[in-house]
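Undergrad: Got a structure here, written out as structure tokens. Questions coming.
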Amino acid sequence: MGRRARGRRLQPQAEGAEDDTEGGRKRDQAGWEGGYPEIIKENKLFEHYYQELKIVPEGEWDQFMDALREPLPATLRITGYKSHAKEILHCLKNRYFKELEDLEVDGQKVEVPQPLSWYPEELAWHTNLSRKILRKSPLLAKFHQFLVSETECGNISRQEAVSMIPPLLLNVEPHHKILDMCAAPGSKTTQLIEMLHADMSVPFPEGFVIANDVDNKRCYLLVHQAKRLSSPCIMVVNHDASSIPRLTVDVDGRKEILFYDRILCDVPCSGDGTMRKNIDVWKKWTTLNSLQLHGLQLRIATRGAEQLAEGGRMVYSTCSLNPVEDEAVIAALLEKSDGALELADVSAELPGLKWMPGVSKWKVMTRDGQWFASWDEVPQGRHTQVRPTMFPPKDLERLQAMHLERCLRILPHHQNTGGFFVAVLVKKASMPWNKRQPKVQCKSLEPRKTTASSSVGATERNPGDRSELDGDSEVTQCTESTELNEKKDGVCGPPPSKKMKLFGFKEDPFVFIPEDDPLFPPIEKFYALDPSFPRMNLLTRTTEGKKRQLYMVSKELRNVLLNNSEKMKVINTGIKVWCRNNSGEEFDCAFRLAQEGIYTLYPFINSRIITVSMEDVKTLLTQENPFFRKLSSEAYSQVKDLAKGSVVLKYEPDSANPDALQCPIVLCGWRGKASIRTFVPKNERLHYLRMMGLEVLGEKKKDGVVLNNESVDSPEQPENDEGAEQIAQEACDPAAAEPSR
């Protein structure tokens, strides 16, 4: 029977295979490998729903639907910190884009990428170039290779245009404490980190980003994205955003509740604004998704508002066009806040962005097409599916006072984007169920009284009933024993499983280096570290055996870690600044510098710095172990008298020579007996060479460029320096040097 069924299933395919002209062409047009049928981009219920709600201006419905059926244009954002981002932009505009200007493929003129008009400093671009076109021309293939390589390196991010809007509207300053509540996969988080490091001369901004996601596996994707920016000011945590714990910090010897200056609340949603890239939505769309998600969205937004500092700004966003997930959540939150929150008018903050104002009238439709204009119309049997917070407020005066028109709804046909919704909220006072700001009491040693809290059904409660929800008004007790446990040896381990259900990998603890640790003085002496170096911020990920890697966090994140290890599950924080070298003791220092953290560490290093020219950088990055004599005379004079061991290679741009690379470069290297080498990951190596005008394609040697970390053929092979083998392995594969997870 199984054979017959299989035969019946294969029969239509066989018939189609015989008809090469018709059946084959249909499969090609479908654009799916394996001959899958093309998804029909139609959903009558979707059209009926949004036509009834009138969120699309009159006369634009056909354009709206046509845009949804078109594939989404590729958009890219130049990431990284300012000087490097400008250099990549200069390279893109003057080398790659110029080559595309008069290019034709199959008689059709290639459309040159254009900057997004509303994104600052031309750091975001969109293009309609498809992969098929990219493969047809050698010039386009070179551009494609550039995009792939720079994306792997983390200097370019493939990010949907509308996804870039929420971080811009947060107006982040370097001193802000930021919470990203639903952060994975992390493209918005990287934007926030970049804003913190607006001034590259400050290695440790006062602010920080705590990036949270409920999905343990997606947290590691988040770590991967954040690691590209090598910031000591990012912490990735794993919690349910609707009940994310309230943290405490030490302020002048007393514990205080941590309130955030900026909160990004990009909640889970039905995603009907993503139809252009997620084609499955056409087939699966139903109003039930929105009805099921509304409660969770409101709980997450409420939790964010509770943790926002007075005067702080929170951005609520979804990639859905549905008012039940958008204006209904905002209206319910404003109603509950009783004047503590208000919508900010951001209409002038992104000039060039086209958007529609939020709506103040909408209806609710069930999955089977039944409409309700108000809560009063909902029959008893529907009360579990439809909730009162899904409707506009009845009181017209209160509704007008909310200014829901200040919300932004981005429609796909206006600027060839996805659909999106954004609302910016400002906190004017404490939430009504928490009028007295939470205080910390450290005198009593009695066990803390906690009120059982449940995130389920929190949105249906009366605001007055929420006074004890999630411990927002509880007096946080810090007994002596707790403090001793938290700060004993500076160990911040994962929270006990009794207090929190933990899923996923078990994380290694975060162990701060004690002041009297004998490990640090040799490092301090070898690199002549400045007295201002924050040694208290150094940590490792092990409590036993030799410390193999040293990481560094900012002072503020150290404070958060030490005071909250019992409350939160930290997935990752800190950047690697030193790695143990197996034979390093012979060179007066057991630890070599790590490229990942060199830009943070460099301002504190006063010794073993070699200033190099652009030609020196090319030599160092294209040859495995160049002899000293291959360097310029200035670099040679600096390196010849240095003792063996780890060194810093610094390139300073020459403003008098505009053709030269105009951003500073700091590389880690190793000074051997008669040669010197760099320890830079492959993608970063290719990035610097490309910025200096050396074109690199594939895994071949071109212009003397080594792409596979093999030595350039030379009659004289340099000696195998002590410790070089281990370091070379880590330089080729940065993941090999990472601590086990």
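By convention in this document, the chains of the structure tokens carry letters A, B, ... by their order, each chain's residues are numbered from 1, and ligands are numbered from 1 in the order they are shown.
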Considering only C-alpha atoms, return as an mmCIF file with N, CA and C atoms, in the first residue's frame whatever protein or nucleic-acid residues lie within 8 Å of Leu333 (chain A), sequence-local ones (same chain, fewer than 4 positions apart) excluded.

TA:
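Result file follows (selection_30.cif):
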data_model
loop_
_atom_site.group_PDB
_atom_site.id
_atom_site.type_symbol
_atom_site.label_atom_id
_atom_site.label_comp_id
_atom_site.auth_asym_id
_atom_site.auth_seq_id
_atom_site.Cartn_x
_atom_site.Cartn_y
_atom_site.Cartn_z
ATOM 1 N N LEU A 298 0.790 43.344 26.307
ATOM 2 C CA LEU A 298 0.465 44.334 27.335
ATOM 3 C C LEU A 298 1.247 44.072 28.626
ATOM 4 N N ALA A 301 4.839 45.286 27.988
ATOM 5 C CA ALA A 301 4.898 46.754 27.978
ATOM 6 C C ALA A 301 4.719 47.323 29.387
ATOM 7 N N THR A 302 3.825 46.709 30.170
ATOM 8 C CA THR A 302 3.599 47.157 31.552
ATOM 9 C C THR A 302 4.859 46.951 32.390
ATOM 10 N N VAL A 329 -2.900 48.090 22.796
ATOM 11 C CA VAL A 329 -1.925 47.886 23.877
ATOM 12 C C VAL A 329 -1.515 49.232 24.474
ATOM 13 N N SER A 337 -1.866 53.607 33.484
ATOM 14 C CA SER A 337 -0.820 54.457 34.065
ATOM 15 C C SER A 337 -1.388 55.686 34.772
#

Undergrad: Extract, using only C-alpha atoms, all DNA, RNA and protein residues at most 7 Å from Met195 (chain A), discarding same-chain residues fewer than 4 positions from it, and format them as a list in words.

TA: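 Here the qualifying residues turn out to be Val172, Glu173, Pro174 and Gln191 of chain A.
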
Undergrad: Please identify all polymer residues within 7 Å of Ser632 (chain A), counting only C-alpha atoms, omitting same-chain residues fewer than 3 positions from it, and present them as number ranges by chain.

TA: A: 616, 635-636

Undergrad: Would you save the residues from that selection as a short mmCIF file (atom, residue, chain, number, x, y, z; two decimals), in the first residue's frame, using N, CA and C atoms?

TA:
data_model
loop_
_atom_site.label_atom_id
_atom_site.label_comp_id
_atom_site.auth_asym_id
_atom_site.auth_seq_id
_atom_site.Cartn_x
_atom_site.Cartn_y
_atom_site.Cartn_z
N ASP A 616 53.39 49.17 6.42
CA ASP A 616 53.70 48.17 7.44
C ASP A 616 52.48 47.30 7.74
N ALA A 635 59.43 51.72 12.17
CA ALA A 635 58.91 50.57 12.91
C ALA A 635 60.05 49.65 13.36
N TYR A 636 61.05 49.47 12.49
CA TYR A 636 62.18 48.60 12.81
C TYR A 636 62.93 49.11 14.04
#

Undergrad: Between CA of Val617 (chain A) and CA of Lys227 (chain A), what is the distance, to one decimal in Å?

TA: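 Interatomic distance, CA of Val617 (chain A) to CA of Lys227 (chain A): 24.1 Å.
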
Undergrad: Using only C-alpha atoms, find the one residue out of A:Val105, A:Lys546, A:Arg608, A:Pro412 that sits nearest to Asp62 (chain A).

TA: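 Using only C-alpha atoms, Asp62 (chain A) sits closest to A:Pro412.
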
Undergrad: Select, from A:Asp250, A:Glu206, A:Asp338, A:Asp180, the residue with the minimum atom-to-atom distance to Leu222 (chain A), counting only C-alpha atoms.

TA: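 Of the candidates, the smallest distance to Leu222 (chain A) is held by A:Asp180.
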
Undergrad: Would you list the contacts of Asp66 (chain A) as a ChimeraX atom specification, taking every protein, DNA or RNA residue within 12 Å and counting only C-alpha atoms, but skipping same-chain residues closer than 5 positions in sequence?

TA: /A:41-42,60-61,71-72,275-276,411-414,416

Undergrad: Using all heavy atoms, can you write the selected residues to a file as a short mmCIF file (atom, residue, chain, number, x, y, z; two decimals), in the first residue's frame?

TA:
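Just written: result_27.cif:
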data_model
loop_
_atom_site.label_atom_id
_atom_site.label_comp_id
_atom_site.auth_asym_id
_atom_site.auth_seq_id
_atom_site.Cartn_x
_atom_site.Cartn_y
_atom_site.Cartn_z
N LYS A 41 -0.24 34.54 -3.08
CA LYS A 41 -0.23 35.69 -2.17
C LYS A 41 -1.61 36.33 -2.12
O LYS A 41 -1.83 37.45 -2.60
CB LYS A 41 0.84 36.69 -2.61
CG LYS A 41 2.25 36.11 -2.50
CD LYS A 41 3.30 37.08 -2.97
CE LYS A 41 4.69 36.47 -2.84
NZ LYS A 41 5.73 37.37 -3.35
N GLU A 42 -2.53 35.59 -1.54
CA GLU A 42 -3.89 36.07 -1.37
C GLU A 42 -4.43 35.57 -0.04
O GLU A 42 -4.15 34.44 0.36
CB GLU A 42 -4.80 35.58 -2.51
CG GLU A 42 -4.72 36.43 -3.76
CD GLU A 42 -5.73 35.99 -4.82
OE1 GLU A 42 -6.73 35.34 -4.42
OE2 GLU A 42 -5.52 36.28 -6.00
N GLU A 60 -5.71 54.09 -1.89
CA GLU A 60 -4.36 53.51 -1.93
C GLU A 60 -4.37 52.00 -1.70
O GLU A 60 -3.30 51.38 -1.57
CB GLU A 60 -3.46 54.18 -0.87
CG GLU A 60 -3.19 55.64 -1.13
CD GLU A 60 -2.24 56.27 -0.10
OE1 GLU A 60 -1.50 55.51 0.57
OE2 GLU A 60 -2.24 57.50 0.04
N TRP A 61 -5.58 51.41 -1.63
CA TRP A 61 -5.63 49.99 -1.27
C TRP A 61 -4.90 49.09 -2.28
O TRP A 61 -4.15 48.18 -1.90
CB TRP A 61 -7.08 49.53 -1.13
CG TRP A 61 -7.17 48.09 -0.76
CD1 TRP A 61 -7.47 47.04 -1.58
CD2 TRP A 61 -6.91 47.52 0.53
NE1 TRP A 61 -7.42 45.85 -0.89
CE2 TRP A 61 -7.07 46.12 0.41
CE3 TRP A 61 -6.56 48.05 1.77
CZ2 TRP A 61 -6.90 45.25 1.48
CZ3 TRP A 61 -6.39 47.19 2.84
CH2 TRP A 61 -6.55 45.81 2.70
N PRO A 71 8.57 41.29 -3.61
CA PRO A 71 9.62 40.93 -2.63
C PRO A 71 10.21 42.17 -1.98
O PRO A 71 10.27 43.24 -2.58
CB PRO A 71 10.66 40.19 -3.48
CG PRO A 71 10.37 40.57 -4.90
CD PRO A 71 8.92 40.90 -4.98
N LEU A 72 10.64 42.00 -0.76
CA LEU A 72 11.19 43.13 0.01
C LEU A 72 12.60 43.46 -0.50
O LEU A 72 13.42 42.57 -0.67
CB LEU A 72 11.26 42.74 1.49
CG LEU A 72 11.55 43.84 2.49
CD1 LEU A 72 10.40 44.83 2.57
CD2 LEU A 72 11.81 43.23 3.87
N MET A 275 4.90 40.23 5.53
CA MET A 275 4.44 39.35 4.46
C MET A 275 5.37 39.33 3.25
O MET A 275 5.45 38.34 2.53
CB MET A 275 3.05 39.77 3.99
CG MET A 275 1.93 39.31 4.91
SD MET A 275 0.36 39.88 4.27
CE MET A 275 -0.76 38.71 5.01
N ARG A 276 6.09 40.41 3.04
CA ARG A 276 6.95 40.50 1.85
C ARG A 276 8.15 39.58 1.95
O ARG A 276 8.70 39.17 0.93
CB ARG A 276 7.40 41.95 1.64
CG ARG A 276 6.25 42.90 1.45
CD ARG A 276 6.73 44.32 1.20
NE ARG A 276 7.40 44.47 -0.08
CZ ARG A 276 7.84 45.62 -0.56
NH1 ARG A 276 7.69 46.73 0.14
NH2 ARG A 276 8.44 45.68 -1.73
N LEU A 411 3.44 52.01 6.37
CA LEU A 411 2.77 51.14 5.39
C LEU A 411 3.76 50.79 4.26
O LEU A 411 4.54 51.65 3.83
CB LEU A 411 1.53 51.82 4.82
CG LEU A 411 0.43 52.15 5.86
CD1 LEU A 411 -0.73 52.86 5.19
CD2 LEU A 411 -0.07 50.88 6.55
N PRO A 412 3.71 49.56 3.75
CA PRO A 412 4.72 49.07 2.81
C PRO A 412 4.84 49.86 1.51
O PRO A 412 5.93 49.99 0.96
CB PRO A 412 4.26 47.63 2.52
CG PRO A 412 3.41 47.24 3.67
CD PRO A 412 2.75 48.50 4.14
N HIS A 413 3.71 50.38 1.00
CA HIS A 413 3.76 51.01 -0.32
C HIS A 413 4.26 52.45 -0.29
O HIS A 413 4.54 53.03 -1.34
CB HIS A 413 2.36 50.98 -0.97
CG HIS A 413 1.32 51.75 -0.23
ND1 HIS A 413 0.84 51.37 1.01
CD2 HIS A 413 0.65 52.91 -0.55
CE1 HIS A 413 -0.08 52.23 1.41
NE2 HIS A 413 -0.21 53.17 0.49
N HIS A 414 4.42 53.04 0.88
CA HIS A 414 4.85 54.43 0.95
C HIS A 414 6.33 54.62 0.65
O HIS A 414 6.72 55.57 -0.03
CB HIS A 414 4.51 55.02 2.32
CG HIS A 414 3.06 55.35 2.48
ND1 HIS A 414 2.46 55.59 3.69
CD2 HIS A 414 2.07 55.46 1.55
CE1 HIS A 414 1.17 55.85 3.51
NE2 HIS A 414 0.91 55.77 2.22
N ASN A 416 8.45 51.58 0.05
CA ASN A 416 8.95 50.27 -0.37
C ASN A 416 9.62 49.52 0.79
O ASN A 416 10.77 49.09 0.70
CB ASN A 416 9.93 50.42 -1.54
CG ASN A 416 10.11 49.12 -2.29
OD1 ASN A 416 9.36 48.15 -2.09
ND2 ASN A 416 11.11 49.06 -3.14
#

Undergrad: Determine, for each residue of region 356-391 of chain A having at least one atom at most 8 Å from an atom of region 396-410 of chain A, the closest pair of atoms and their separation in Å to one decimal, counting only C-alpha atoms; order by chain and ascending number, as CSV.

TA:
residue,atom,partner,partner_atom,distance
A:Met356,CA,A:Arg409,CA,5.0
A:Pro357,CA,A:Glu405,CA,4.7
A:Gly358,CA,A:Glu405,CA,4.2
A:Val359,CA,A:Glu405,CA,6.1
A:Ser360,CA,A:Leu404,CA,6.1

Undergrad: Find the residue from A:Asn625, A:Thr189, A:Asn564, A:Thr287 that sits nearest to Pro245 (chain A); use only C-alpha atoms when measuring.

TA: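 With only C-alpha atoms as the atom set, the closest residue is A:Asn564.
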